[in-house]
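Everything on this sheet refers to the single structure shown next.
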Amino acid sequence: MSEESGGESTLTVVLAGGVNLAIAVLKLIAGIITGSGAMLSEAAHSVADTITEVLLLTALKRSDRPADRVHPFGYGKERYFWSLLAAVSIFASGAMFALYEGFSTVFGEETDQTDPIVGYIVLAIAFVLESVSWVQAVRQVRRDAAEAGQKVSVYLRMIDDPAPKTVLFEDSAALIGLLLAFAGIGLHQLTGSHVWDGAASIAIGVLLALVAYVLGRTNRGLLIGRQADPRLVRGLRDHLVAAPEIEAVVDLQTMLMGTDQVLVCARVDFDDALGAADLERACVRLATELTAAFGDVTEVFIEPVPRTDPELRAAVLARYGDIAQRWDKGQ
């Protein structure tokens, strides 16, 4: 990640964390005053979001540590670990409490609503504050997507930095949750039935569970080891194929080792006329060219192999299918 992008992610996370902490206090006070289950659920929602920002900030700081003897490829994947914990926090601290509060309100004893105007005021203030954080998250995602030359939807699916995606999703859920809480309190006031308040709380819980699932799935894929952007993979393949010493790219594997950190493993069939010294120099030169031409590439391993090896060919075909058939030079 560039220094500018890293600072932008930190700003997004810190801003969201400060906003969520202030909102959590306001919602808790309003929930106690009004007796609204939806408002208490929203307080738990904001607490979960605050914990999430702390975890994301930890992820940003710890993942920037340089490689060492224990972790020779660096600590980039630690960002995905802490971001996964953030998704778990959204579910455990927010969704579970909201669902519990909602079902308790719906099936529990009838409670009188007091001072709903306090709830409306707090919700309005929270909406304004959450909008500030949401606008910052949207601004960063749109800018990063434009720099990557991708649509926002595609960028969010292929993103290798979970921090802005997490903030965007949780802030979007927060704004929707505020509208649900407003509807719950309003319908409770209009109908006199606490069921509406409980239903709003349940809806908030379901919303948070869905957000937690989406973010958890994203970070699971990154932790397992996802392939780099297909455009980068094609660029790497084309660069290797164009090398005069290479007859064919037999296998090309990439893996995200962190944000803007890509590991490249290439198995190529070199010209049989090359001597051992020529082969060594070609491998070093190509590795240097790839790291220079593609900023995200941090590690390159090139292995000379014969393209006719049946076991290797079968493994490549099993992994990539028909696309491997087009990797021979000139195709």
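By order in the structure tokens, chains are A, B, ...; within a chain, residues start at 1; ligands start at 1, following the order shown.
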
Checklist entry - Residues of stretch 242-307 of chain A in helix (DSSP H, G or I) according to DSSP, as a PyMOL selection string? => result chain A and resi 276-293

Would you save the residues of that selection, restricted to N, CA and C atoms, as an mmCIF file, in the first residue's frame?
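And here's result_14.cif as it stands now:
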```
data_model
loop_
_atom_site.group_PDB
_atom_site.id
_atom_site.type_symbol
_atom_site.label_atom_id
_atom_site.label_comp_id
_atom_site.auth_asym_id
_atom_site.auth_seq_id
_atom_site.Cartn_x
_atom_site.Cartn_y
_atom_site.Cartn_z
ATOM 1 N N ALA A 276 23.850 -22.995 -17.818
ATOM 2 C CA ALA A 276 23.458 -22.805 -16.418
ATOM 3 C C ALA A 276 23.612 -21.347 -15.988
ATOM 4 N N ALA A 277 24.725 -20.731 -16.363
ATOM 5 C CA ALA A 277 24.963 -19.333 -15.985
ATOM 6 C C ALA A 277 23.937 -18.410 -16.654
ATOM 7 N N ASP A 278 23.624 -18.663 -17.916
ATOM 8 C CA ASP A 278 22.621 -17.856 -18.617
ATOM 9 C C ASP A 278 21.259 -17.993 -17.939
ATOM 10 N N LEU A 279 20.942 -19.200 -17.513
ATOM 11 C CA LEU A 279 19.665 -19.454 -16.861
ATOM 12 C C LEU A 279 19.568 -18.698 -15.543
ATOM 13 N N GLU A 280 20.647 -18.703 -14.776
ATOM 14 C CA GLU A 280 20.660 -17.995 -13.496
ATOM 15 C C GLU A 280 20.482 -16.492 -13.706
ATOM 16 N N ARG A 281 21.206 -15.955 -14.671
ATOM 17 C CA ARG A 281 21.094 -14.510 -14.938
ATOM 18 C C ARG A 281 19.703 -14.136 -15.433
ATOM 19 N N ALA A 282 19.090 -15.008 -16.223
ATOM 20 C CA ALA A 282 17.742 -14.735 -16.731
ATOM 21 C C ALA A 282 16.735 -14.709 -15.589
ATOM 22 N N CYS A 283 16.862 -15.643 -14.650
ATOM 23 C CA CYS A 283 15.927 -15.689 -13.511
ATOM 24 C C CYS A 283 16.036 -14.432 -12.659
ATOM 25 N N VAL A 284 17.282 -14.008 -12.397
ATOM 26 C CA VAL A 284 17.495 -12.802 -11.592
ATOM 27 C C VAL A 284 16.946 -11.582 -12.318
ATOM 28 N N ARG A 285 17.223 -11.474 -13.615
ATOM 29 C CA ARG A 285 16.757 -10.318 -14.389
ATOM 30 C C ARG A 285 15.238 -10.262 -14.440
ATOM 31 N N LEU A 286 14.607 -11.399 -14.689
ATOM 32 C CA LEU A 286 13.148 -11.418 -14.784
ATOM 33 C C LEU A 286 12.493 -11.074 -13.457
ATOM 34 N N ALA A 287 13.052 -11.571 -12.358
ATOM 35 C CA ALA A 287 12.499 -11.243 -11.037
ATOM 36 C C ALA A 287 12.593 -9.746 -10.774
ATOM 37 N N THR A 288 13.730 -9.153 -11.141
ATOM 38 C CA THR A 288 13.904 -7.710 -10.957
ATOM 39 C C THR A 288 12.927 -6.931 -11.833
ATOM 40 N N GLU A 289 12.741 -7.378 -13.063
ATOM 41 C CA GLU A 289 11.821 -6.697 -13.975
ATOM 42 C C GLU A 289 10.383 -6.755 -13.463
ATOM 43 N N LEU A 290 9.981 -7.902 -12.929
ATOM 44 C CA LEU A 290 8.604 -8.052 -12.458
ATOM 45 C C LEU A 290 8.331 -7.164 -11.248
ATOM 46 N N THR A 291 9.263 -7.098 -10.302
ATOM 47 C CA THR A 291 9.051 -6.251 -9.129
ATOM 48 C C THR A 291 9.077 -4.771 -9.506
ATOM 49 N N ALA A 292 9.850 -4.431 -10.543
ATOM 50 C CA ALA A 292 9.907 -3.034 -10.969
ATOM 51 C C ALA A 292 8.675 -2.643 -11.784
ATOM 52 N N ALA A 293 8.191 -3.560 -12.621
ATOM 53 C CA ALA A 293 7.059 -3.246 -13.499
ATOM 54 C C ALA A 293 5.722 -3.312 -12.781
#
```

Next on the checklist: For A:Asp309, find every residue with an atom within 12 Å (counting only C-alpha atoms), except residues of its own chain fewer than 3 positions away, and show them as a PyMOL selection string.
Outcome noted: chain A and resi 250-251+267-269+304-306+312-316

Item to check | Closest of A:Val106, A:Ile224, A:Ile29, A:Leu40 to A:Trp196 - atom-to-atom distances counting only C-alpha atoms | outcome: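 Using only C-alpha atoms, A:Trp196 sits closest to A:Val106.
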
Checklist entry - Do you know which residues are at most 7 Å from stretch 15-19 of chain A counting only C-alpha atoms, after dropping those on the same chain fewer than 5 positions away, and could you put them as number ranges by chain? => result A: 50, 53, 129-130, 133

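Each of A:His45, A:Arg157, A:Arg307, A:Lys77 was compared to A:Ile176 using only C-alpha atoms, and A:His45 turns out to be the nearest.
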
Checklist entry - Which residue gives the smallest distance to A:Gly37 among A:Ala95, A:Leu60, A:Ile185, A:Ala137, with only C-alpha atoms counted? => result A:Ile185

Checklist entry - What is the distance between atom CA of A:Val128 and atom CA of A:Val195, in Å to one decimal? => result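 Here the two named atoms are 27.3 Å from each other.
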
Checklist entry - Which one of A:Ser41, A:Thr191, A:Ser36, A:Thr259 sits closest to A:Glu78 if you count only C-alpha atoms? => result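 Of A:Ser41, A:Thr191, A:Ser36, A:Thr259, the one nearest A:Glu78 is A:Thr259, counting only C-alpha atoms.
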
Next on the checklist: Just want the 9 Å neighbourhood of A:Arg142, counted on only C-alpha atoms, with same-chain residues fewer than 5 positions away dropped. Output as a list of chain:residue names.
Outcome noted: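 Non-adjacent residues within range: A:Ala137, A:Glu147, A:Lys151, A:Val152, A:Tyr155.
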
Residues as selected, C-alpha atoms, written as a short mmCIF file (atom, residue, chain, number, x, y, z; two decimals), in the first residue's frame, can you do that?
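As written to disk, result-v5.cif reads:
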```cif
data_model
loop_
_atom_site.label_atom_id
_atom_site.label_comp_id
_atom_site.auth_asym_id
_atom_site.auth_seq_id
_atom_site.Cartn_x
_atom_site.Cartn_y
_atom_site.Cartn_z
CA ALA A 137 -15.41 5.78 3.73
CA GLU A 147 -7.03 4.50 -9.21
CA LYS A 151 -16.08 -0.15 -10.77
CA VAL A 152 -16.76 0.23 -7.05
CA TYR A 155 -13.16 -3.14 -6.40
#
```

Next on the checklist: Can you tell me which residues surround A:Asp271 at a distance of at most 7 Å, considering only C-alpha atoms, apart from same-chain residues fewer than 3 positions away, and format the answer as a list in words?
Outcome noted: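 Within the cut-off, the hits are Glu245, Ile246, Glu247 and Leu274 of chain A.
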
Next on the checklist: At a cut-off of 12 Å, using only C-alpha atoms, what residues contact A:Gly258? Leave out same-chain residues fewer than 4 positions from it and give the result as a PyMOL selection string.
Outcome noted: chain A and resi 1+59-60+62-67+73-81+159-162+219+222-228+262-263+296-299

Checklist entry - Of the residues A:Ile32, A:Val14, A:Ala183, A:Val25, which is the one nearest to A:Ala126, using only C-alpha atoms? => result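 For A:Ala126, the nearest of the given residues is A:Val25.
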
Item to check | All strand (DSSP E or B) residues (DSSP, backbone) inside stretch 60-300 of chain A, as a VMD selection string | outcome: chain A and resid 246 to 258 261 to 270 297 to 300
